[in-house]
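All remarks here apply to the structure that follows.
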Amino acid sequence: MSDLTAAADIDSRLEGHRVELTGYCYRMLGSAFEAEDAVQDTLVRAWRNFDKFEGRSSLRSWLYRIATNVCLDMLKAGSKRARPVDLTGPTPLAQAALNPLPENTWLEPMPDGRILPSVADPAEAAVARESVRLAFVAALQHLPPKQRAVLILREVLAWKASEVAELLDTTVASVNSALQRARATLSDTENTAPDTANPLDDEQRKLLDRYVAAFEGYDMAALTALLHEDAVMTMPPFDLWLQGHDDITGFMLSIGASCAGSRLVATEANGTPAFAHYKPDPDGPGFVPWAVQVIDISDGAITGMHCFLDTPRWFPLFGLPDHLDADA
């Protein structure tokens with residue numbers, strides 16, 4: 001085998017693990033871009049040290065060991081990502097004000113295609129989707145980094161305790177203890193998972209169709225009928241979040257009134273339905289990016305509208321166009 005052929009073979013073998021490694025690093029870090037940086041660092045380190053890989057473990061295990069060390073190094077600063085609902089209580093509409101916080105404060109959305117590898121087992125696919133929901137990834141941020149790694153490896157990726165112990169250079173007893181503590185912490189953290197099916201069932205598809213019609217028509221009565229009475233609306237990078245359909249629709253008719261006439265384009269993020277939100281272009285015909293909306297559904301109603309407003313970052317990540325024509 002020539003050197004070029006050997007190099008191409010190594011590249012192919014490493015790249016085959018990119019999506020699942022990105023999912024792992026995203027759960028660890030809570031940031032789309034930090035996760036992709038961590039995976040790139042992992043693959044570069046693996047490439048440089050491939051001649052030292054002796055096959056005593058699988059290539060996958062070796063890559064996870066490198067990725068874990070990269071993530072633990074990145075987490076040494078002690079920062080953790082959060083949602084607005086993790087930082088403050090809801091703001092009454094009468095007191096609503098848009099106060100931005102730094103980018104590194106926020107848990108970030110992630111396109112499904114970058115973090116959810118194709119798997120044949122429906123149960124395995126369901127676990128993978130649930131484990132990248134915004135609420136679950138936010139809950140993981142409450143765990144110390146090593147506990148976070150143990151819980152993801154054991155509960156999400158179904159590694160054996162002995163395999164995790166080997167990866168972390170510790171004992172099975174230590175792994176089991178860390179897992180027990182991590183479970184206890186998560187049980188104390190509010191983590192109500194949406195019940196969105198994948199693929200969407202008929203009722204959920206109809207609900208989302210009605211949501212698009214209500215939002216694009218800016219029909220607040222129709223939107224109210226779709227929202228759970230305790231639905232939440234968040235808008236990172238602003239710390240403001242609203243609870244209840246009256247405050248949400250009241251905000252949309254006041255501070256958010258410029259969203260009238262918008263268009264929504266379906267996408268997928270964090271294992272749940274999402275939309276690219278385009279507002280009317282103030283400088284001419286057509287529509288310009290405004291937000292990526294990640295939608296939570298439970299019990300036949302919309303329970304969460306999570307609007308990520310930093311569109312210069314999100315729209316390229318999701319492969320979304322930077323303009324829609326007027327007839328879109």
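If you're wondering about the labels, chains in the structure tokens are A, B, ... by order shown, residues count from 1 in each chain, ligands from 1 in order shown.
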Per-residue nearest contacts of range 140-249 of chain A to range 255-260 of chain A (9 Å; only C-alpha atoms) as JSON lines:
{"residue": "A:Phe215", "atom": "CA", "partner": "A:Ala260", "partner_atom": "CA", "distance": 8.1}
{"residue": "A:Glu216", "atom": "CA", "partner": "A:Ala260", "partner_atom": "CA", "distance": 7.2}
{"residue": "A:Gly217", "atom": "CA", "partner": "A:Ala260", "partner_atom": "CA", "distance": 7.5}
{"residue": "A:Tyr218", "atom": "CA", "partner": "A:Ala260", "partner_atom": "CA", "distance": 5.7}
Atoms kept (N, CA, C and O atoms) for selection, written as a short mmCIF file (atom, residue, chain, number, x, y, z; two decimals), in the first residue's frame:
data_model
loop_
_atom_site.label_atom_id
_atom_site.label_comp_id
_atom_site.auth_asym_id
_atom_site.auth_seq_id
_atom_site.Cartn_x
_atom_site.Cartn_y
_atom_site.Cartn_z
N PHE A 215 -48.20 31.27 13.01
CA PHE A 215 -47.06 32.17 13.15
C PHE A 215 -46.92 33.05 11.91
O PHE A 215 -46.76 34.27 12.01
N GLU A 216 -46.98 32.43 10.73
CA GLU A 216 -46.82 33.22 9.51
C GLU A 216 -47.99 34.18 9.32
O GLU A 216 -47.80 35.28 8.77
N GLY A 217 -49.18 33.79 9.77
CA GLY A 217 -50.33 34.68 9.68
C GLY A 217 -50.42 35.65 10.83
O GLY A 217 -51.28 36.54 10.84
N TYR A 218 -49.52 35.49 11.78
CA TYR A 218 -49.49 36.30 13.02
C TYR A 218 -50.87 36.34 13.65
O TYR A 218 -51.37 37.39 14.09
#
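When the distance limit is 10 Å and only C-alpha atoms are what count, the residues near Met220 in chain A, minus those fewer than 4 positions from it on the same chain, are Ala214, Phe215, Thr224, Ala225, Leu226, His245, Asp246, Ile248, Thr249, Gly250, Met252 and Leu253 of chain A.
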Hey, can you spit out that residue selection with N, CA, C and O atoms as a PDB file, in the first residue's frame?
ATOM      1  N   ALA A 214     -50.273  29.688  11.937  1.00  0.00           N
ATOM      2  CA  ALA A 214     -50.578  30.733  12.925  1.00  0.00           C
ATOM      3  C   ALA A 214     -49.447  31.742  13.021  1.00  0.00           C
ATOM      4  O   ALA A 214     -49.690  32.959  13.090  1.00  0.00           O
ATOM      5  N   PHE A 215     -48.203  31.271  13.010  1.00  0.00           N
ATOM      6  CA  PHE A 215     -47.065  32.173  13.152  1.00  0.00           C
ATOM      7  C   PHE A 215     -46.917  33.050  11.908  1.00  0.00           C
ATOM      8  O   PHE A 215     -46.758  34.272  12.015  1.00  0.00           O
ATOM      9  N   THR A 224     -52.414  30.824  20.379  1.00  0.00           N
ATOM     10  CA  THR A 224     -52.770  30.541  21.768  1.00  0.00           C
ATOM     11  C   THR A 224     -53.385  29.152  21.901  1.00  0.00           C
ATOM     12  O   THR A 224     -53.115  28.419  22.858  1.00  0.00           O
ATOM     13  N   ALA A 225     -54.198  28.773  20.934  1.00  0.00           N
ATOM     14  CA  ALA A 225     -54.854  27.469  20.978  1.00  0.00           C
ATOM     15  C   ALA A 225     -53.864  26.307  20.865  1.00  0.00           C
ATOM     16  O   ALA A 225     -54.171  25.181  21.274  1.00  0.00           O
ATOM     17  N   LEU A 226     -52.664  26.572  20.336  1.00  0.00           N
ATOM     18  CA  LEU A 226     -51.663  25.516  20.143  1.00  0.00           C
ATOM     19  C   LEU A 226     -50.681  25.422  21.297  1.00  0.00           C
ATOM     20  O   LEU A 226     -50.005  24.406  21.453  1.00  0.00           O
ATOM     21  N   HIS A 245     -49.122  31.344  27.592  1.00  0.00           N
ATOM     22  CA  HIS A 245     -49.431  31.801  26.228  1.00  0.00           C
ATOM     23  C   HIS A 245     -49.834  33.271  26.184  1.00  0.00           C
ATOM     24  O   HIS A 245     -49.591  33.947  25.190  1.00  0.00           O
ATOM     25  N   ASP A 246     -50.398  33.796  27.274  1.00  0.00           N
ATOM     26  CA  ASP A 246     -50.785  35.210  27.247  1.00  0.00           C
ATOM     27  C   ASP A 246     -49.554  36.125  27.155  1.00  0.00           C
ATOM     28  O   ASP A 246     -49.541  37.086  26.373  1.00  0.00           O
ATOM     29  N   ILE A 248     -46.550  35.230  26.083  1.00  0.00           N
ATOM     30  CA  ILE A 248     -45.847  34.978  24.819  1.00  0.00           C
ATOM     31  C   ILE A 248     -46.505  35.751  23.675  1.00  0.00           C
ATOM     32  O   ILE A 248     -45.836  36.467  22.918  1.00  0.00           O
ATOM     33  N   THR A 249     -47.816  35.624  23.540  1.00  0.00           N
ATOM     34  CA  THR A 249     -48.488  36.331  22.441  1.00  0.00           C
ATOM     35  C   THR A 249     -48.489  37.840  22.685  1.00  0.00           C
ATOM     36  O   THR A 249     -48.393  38.623  21.722  1.00  0.00           O
ATOM     37  N   GLY A 250     -48.555  38.258  23.953  1.00  0.00           N
ATOM     38  CA  GLY A 250     -48.460  39.683  24.247  1.00  0.00           C
ATOM     39  C   GLY A 250     -47.115  40.252  23.831  1.00  0.00           C
ATOM     40  O   GLY A 250     -47.034  41.368  23.293  1.00  0.00           O
ATOM     41  N   MET A 252     -45.229  39.037  21.427  1.00  0.00           N
ATOM     42  CA  MET A 252     -45.169  39.027  19.967  1.00  0.00           C
ATOM     43  C   MET A 252     -45.932  40.200  19.359  1.00  0.00           C
ATOM     44  O   MET A 252     -45.598  40.653  18.260  1.00  0.00           O
ATOM     45  N   LEU A 253     -46.909  40.695  20.073  1.00  0.00           N
ATOM     46  CA  LEU A 253     -47.680  41.831  19.562  1.00  0.00           C
ATOM     47  C   LEU A 253     -47.101  43.178  19.996  1.00  0.00           C
ATOM     48  O   LEU A 253     -47.572  44.229  19.558  1.00  0.00           O
TER      49      LEU A 253
END
Which residues of range 117-224 of chain A come within 6 Å of range 261-283 of chain A, and for each one, what is the closest pair of atoms and their distance in Å to one decimal, counting only C-alpha atoms, sorted by chain and residue number, as JSON lines?
{"residue": "A:Arg129", "atom": "CA", "partner": "A:Gly271", "partner_atom": "CA", "distance": 4.6}
{"residue": "A:Val132", "atom": "CA", "partner": "A:Asn270", "partner_atom": "CA", "distance": 5.1}
{"residue": "A:Arg133", "atom": "CA", "partner": "A:Asn270", "partner_atom": "CA", "distance": 4.9}
{"residue": "A:Glu216", "atom": "CA", "partner": "A:Ser262", "partner_atom": "CA", "distance": 5.4}
Review point. Using only C-alpha atoms, which residue out of A:Lys146, A:Lys80, A:His17, A:Arg45 lies closest to Leu59 in chain A?
Key: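 The answer is A:His17, which sits nearest to Leu59 in chain A.
Each of A:Met235, A:Pro316, A:Gly284, A:Leu207 was checked against Ile297 in chain A using only C-alpha atoms; the smallest atom-to-atom distance is that of A:Leu207.
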Point to revise | Exercise: Arg65 in chain A partners within 10 Å, only C-alpha atoms, chain neighbours under 6 positions left out, as a list in words | key: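 Contacts, with the query itself left out: Thr42, Leu59, Val164, Glu166, Leu167, Leu168 and Asp169 of chain A.
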Go ahead and save the picked residues with C-alpha atoms, as a PDB file, in the first residue's frame.
ATOM      1  CA  THR A  42      -9.357  14.659  18.508  1.00  0.00           C
ATOM      2  CA  LEU A  59     -10.257   2.366  17.191  1.00  0.00           C
ATOM      3  CA  VAL A 164     -15.477   3.272  31.001  1.00  0.00           C
ATOM      4  CA  GLU A 166     -10.341   1.646  31.250  1.00  0.00           C
ATOM      5  CA  LEU A 167     -11.044   4.798  29.238  1.00  0.00           C
ATOM      6  CA  LEU A 168     -10.835   7.036  32.317  1.00  0.00           C
ATOM      7  CA  ASP A 169      -7.911   5.147  33.916  1.00  0.00           C
TER       8      ASP A 169
END
What are the nearest atom pairs, with distances in Å to one decimal, for all residues of range 39-132 of chain A that come at most 12 Å from range 6-10 of chain A, using only C-alpha atoms, set out by chain and rising residue number as a Markdown table?
| residue | atom | partner | partner_atom | distance |
| --- | --- | --- | --- | --- |
| A:Leu43 | CA | A:Ile10 | CA | 10.3 |
| A:Val44 | CA | A:Ile10 | CA | 11.3 |
| A:Ala46 | CA | A:Ile10 | CA | 9.5 |
| A:Trp47 | CA | A:Ile10 | CA | 7.5 |
| A:Arg48 | CA | A:Ile10 | CA | 10.7 |
| A:Asn49 | CA | A:Ile10 | CA | 11.3 |
| A:Phe50 | CA | A:Ile10 | CA | 8.2 |
| A:Asp51 | CA | A:Ile10 | CA | 10.4 |
| A:Phe53 | CA | A:Ile10 | CA | 11.6 |
| A:Leu59 | CA | A:Ile10 | CA | 10.8 |
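Shortest atom-to-atom contact with Leu21 in chain A among A:Leu157, A:Thr88, A:Cys307, A:Val127: A:Leu157, counting only C-alpha atoms.
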Practice item. Would you mind telling me which residue in A:Pro111, A:Asn99, A:Leu223, A:Pro117 lies nearest to Leu320 in chain A when using only C-alpha atoms? Key: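 For Leu320 in chain A, the nearest of the candidates is A:Pro111.
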Point to revise | DSSP alpha helix (DSSP H) residues within range 131-167 of chain A, as an MDAnalysis selection string | key: chainID A and resid 134:140 145:151 161:167
Print the selection's residues with C-alpha atoms to a file, as a compact mmCIF listing (two decimals), in the first residue's frame.
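Once written, part_6.txt looks like this:
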# COMPACT_ATOMS: atom_id res chain seq x y z
CA LEU A 134 -31.93 20.89 25.00
CA ALA A 135 -33.38 19.99 28.41
CA PHE A 136 -31.18 16.91 28.80
CA VAL A 137 -27.98 18.60 27.64
CA ALA A 138 -28.76 21.47 30.01
CA ALA A 139 -29.20 18.99 32.85
CA LEU A 140 -25.80 17.45 32.04
CA PRO A 145 -17.04 16.91 33.99
CA LYS A 146 -15.96 13.34 34.85
CA GLN A 147 -19.42 12.44 36.12
CA ARG A 148 -20.79 13.88 32.89
CA ALA A 149 -18.50 11.62 30.86
CA VAL A 150 -19.41 8.56 32.93
CA LEU A 151 -23.14 9.16 32.59
CA ALA A 161 -18.49 -0.09 33.48
CA SER A 162 -15.21 -1.89 32.82
CA GLU A 163 -14.84 -0.15 29.45
CA VAL A 164 -15.48 3.27 31.00
CA ALA A 165 -13.02 2.51 33.80
CA GLU A 166 -10.34 1.65 31.25
CA LEU A 167 -11.04 4.80 29.24
**Study point:** Selection: 10 Å around Leu186 in chain A, only C-alpha atoms, excl. self and same-chain fewer than 4 positions, as a list in words
**Key:** Phe136, Ala139, Leu140, Gln141, His142, Leu143, Arg181, Ala182, Glu190 and Asn191 of chain A
Check your understanding: Do you know which residues are at most 6 Å from range 82-84 of chain A counting only C-alpha atoms, after dropping those on the same chain fewer than 5 positions away, and could you put them as a ChimeraX atom specification?
Key -> /A:106-107,138,239
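Of the listed residues (A:Asp296, A:Leu101, A:Pro312, A:Ile66), A:Asp296 comes nearest to Gln204 in chain A; the distances count only C-alpha atoms.
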Check your understanding: So what do you get for CA of Phe287 in chain A versus CA of Phe308 in chain A, distance-wise?
Key ->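 CA of Phe308 in chain A lies at a distance of 17.2 Å from CA of Phe287 in chain A.
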Practice item. Please provide as an MDAnalysis selection string all residues within 12 Å of Lys206 in chain A, with the sequence filter that same-chain residues fewer than 5 positions apart are discarded (counting only C-alpha atoms). Key: chainID A and resid 200:201 211:213 226 300:302
Those same residues, written as a CSV table (one decimal), in the first residue's frame with N, CA, C and O atoms?
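Result file is part-v1.csv:
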chain,number,residue,atom,x,y,z
A,200,LEU,N,-42.3,12.1,13.0
A,200,LEU,CA,-43.5,12.7,13.7
A,200,LEU,C,-44.8,11.9,13.4
A,200,LEU,O,-44.9,11.4,12.2
A,201,ASP,N,-45.6,11.8,14.4
A,201,ASP,CA,-46.9,11.1,14.1
A,201,ASP,C,-47.9,12.1,13.4
A,201,ASP,O,-47.6,13.3,13.3
A,211,TYR,N,-49.1,25.4,13.6
A,211,TYR,CA,-48.2,26.4,14.2
A,211,TYR,C,-47.6,27.3,13.2
A,211,TYR,O,-47.6,28.5,13.3
A,212,VAL,N,-47.2,26.7,12.0
A,212,VAL,CA,-46.6,27.5,11.0
A,212,VAL,C,-47.6,28.5,10.4
A,212,VAL,O,-47.4,29.7,10.2
A,213,ALA,N,-48.9,28.0,10.2
A,213,ALA,CA,-49.9,28.9,9.7
A,213,ALA,C,-50.2,30.0,10.6
A,213,ALA,O,-50.4,31.2,10.2
A,226,LEU,N,-52.7,26.6,20.3
A,226,LEU,CA,-51.7,25.5,20.1
A,226,LEU,C,-50.7,25.4,21.3
A,226,LEU,O,-50.0,24.4,21.5
A,300,GLY,N,-49.7,16.8,23.0
A,300,GLY,CA,-50.5,17.4,21.9
A,300,GLY,C,-50.4,18.9,21.9
A,300,GLY,O,-51.3,19.5,21.2
A,301,ALA,N,-49.5,19.5,22.6
A,301,ALA,CA,-49.4,21.0,22.6
A,301,ALA,C,-48.0,21.4,22.5
A,301,ALA,O,-47.1,20.6,22.8
A,302,ILE,N,-47.7,22.7,22.1
A,302,ILE,CA,-46.4,23.2,22.1
A,302,ILE,C,-46.0,23.7,23.5
A,302,ILE,O,-46.7,24.6,24.0
Using only C-alpha atoms, determine which residues lie at most 10 Å from Leu317 in chain A, disregarding the query and same-chain residues fewer than 4 positions distant; provide the list as an mmCIF file with N, CA, C and O atoms, in the first residue's frame.
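Saved as out.cif:
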data_model
loop_
_atom_site.group_PDB
_atom_site.id
_atom_site.type_symbol
_atom_site.label_atom_id
_atom_site.label_comp_id
_atom_site.auth_asym_id
_atom_site.auth_seq_id
_atom_site.Cartn_x
_atom_site.Cartn_y
_atom_site.Cartn_z
ATOM 1 N N ALA A 32 -22.202 23.899 20.147
ATOM 2 C CA ALA A 32 -22.029 23.328 18.821
ATOM 3 C C ALA A 32 -20.614 23.540 18.292
ATOM 4 O O ALA A 32 -19.967 22.618 17.794
ATOM 5 N N PHE A 33 -20.121 24.767 18.425
ATOM 6 C CA PHE A 33 -18.830 25.088 17.825
ATOM 7 C C PHE A 33 -17.669 24.525 18.644
ATOM 8 O O PHE A 33 -16.670 24.065 18.083
ATOM 9 N N PRO A 109 -27.876 25.338 20.074
ATOM 10 C CA PRO A 109 -28.567 24.309 19.286
ATOM 11 C C PRO A 109 -27.596 23.594 18.363
ATOM 12 O O PRO A 109 -26.506 24.092 18.069
ATOM 13 N N MET A 110 -27.998 22.421 17.905
ATOM 14 C CA MET A 110 -27.132 21.640 17.019
ATOM 15 C C MET A 110 -27.991 20.907 15.994
ATOM 16 O O MET A 110 -28.984 20.266 16.352
ATOM 17 N N PRO A 111 -27.636 20.975 14.697
ATOM 18 C CA PRO A 111 -28.383 20.229 13.683
ATOM 19 C C PRO A 111 -28.276 18.719 13.925
ATOM 20 O O PRO A 111 -27.201 18.207 14.259
ATOM 21 N N ARG A 114 -25.440 16.527 12.307
ATOM 22 C CA ARG A 114 -24.055 16.629 12.774
ATOM 23 C C ARG A 114 -23.792 15.804 14.025
ATOM 24 O O ARG A 114 -22.630 15.631 14.405
ATOM 25 N N THR A 311 -28.070 34.676 14.256
ATOM 26 C CA THR A 311 -28.181 34.010 12.956
ATOM 27 C C THR A 311 -26.886 33.947 12.148
ATOM 28 O O THR A 311 -26.710 33.005 11.373
ATOM 29 N N PRO A 312 -25.942 34.916 12.248
ATOM 30 C CA PRO A 312 -24.684 34.735 11.503
ATOM 31 C C PRO A 312 -23.936 33.468 11.896
ATOM 32 O O PRO A 312 -23.137 32.947 11.107
ATOM 33 N N ARG A 313 -24.189 32.946 13.092
ATOM 34 C CA ARG A 313 -23.572 31.690 13.512
ATOM 35 C C ARG A 313 -24.451 30.498 13.149
ATOM 36 O O ARG A 313 -23.959 29.482 12.663
#
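Considering only C-alpha atoms, the residue among A:Val19, A:Ala291, A:Leu72, A:Ala128 positioned nearest to Asp322 in chain A is A:Ala291.
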Exercise for review: Per DSSP on the backbone, filter range 79-301 of chain A down to the residues in strand (DSSP E) and report them as a PyMOL selection string.
Suggested key: chain A and resi 227-234+241-243+263-269+272-280+287-298+301
Keeping only C-alpha atoms, write the selected residues as a tab-separated table (two decimals), in the first residue's frame.
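Okay, this is what ended up in again_25.tsv:
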chain	number	residue	atom	x	y	z
A	227	LEU	CA	-49.58	26.57	23.15
A	228	HIS	CA	-49.68	24.79	26.49
A	229	GLU	CA	-50.86	27.15	29.22
A	230	ASP	CA	-47.37	26.97	30.79
A	231	ALA	CA	-45.46	27.11	27.49
A	232	VAL	CA	-42.12	28.92	27.59
A	233	MET	CA	-40.40	31.15	25.05
A	234	THR	CA	-36.67	31.79	25.26
A	241	TRP	CA	-37.83	34.24	29.04
A	242	LEU	CA	-41.60	34.23	29.10
A	243	GLN	CA	-44.05	31.68	30.46
A	263	ARG	CA	-41.72	32.84	7.06
A	264	LEU	CA	-40.73	29.56	8.73
A	265	VAL	CA	-38.63	26.89	7.00
A	266	ALA	CA	-38.60	23.43	8.58
A	267	THR	CA	-35.34	21.93	9.83
A	268	GLU	CA	-34.27	19.64	12.70
A	269	ALA	CA	-32.24	20.39	15.80
A	272	THR	CA	-36.80	17.67	17.78
A	273	PRO	CA	-38.64	19.79	15.18
A	274	ALA	CA	-37.15	23.18	14.42
A	275	PHE	CA	-37.68	26.09	12.06
A	276	ALA	CA	-35.53	28.70	10.43
A	277	HIS	CA	-37.35	31.97	11.09
A	278	TYR	CA	-37.03	34.67	8.42
A	279	LYS	CA	-38.36	38.20	8.95
A	280	PRO	CA	-39.40	40.56	6.14
A	287	PHE	CA	-36.92	37.74	3.93
A	288	VAL	CA	-33.78	37.75	6.08
A	289	PRO	CA	-32.65	35.38	8.88
A	290	TRP	CA	-33.93	36.12	12.36
A	291	ALA	CA	-33.79	32.96	14.49
A	292	VAL	CA	-33.53	29.20	14.67
A	293	GLN	CA	-36.58	28.02	16.60
A	294	VAL	CA	-36.35	24.70	18.45
A	295	ILE	CA	-39.84	23.46	19.31
A	296	ASP	CA	-40.87	21.27	22.25
A	297	ILE	CA	-44.11	19.28	22.04
A	298	SER	CA	-45.80	17.43	24.91
A	301	ALA	CA	-49.42	21.01	22.62
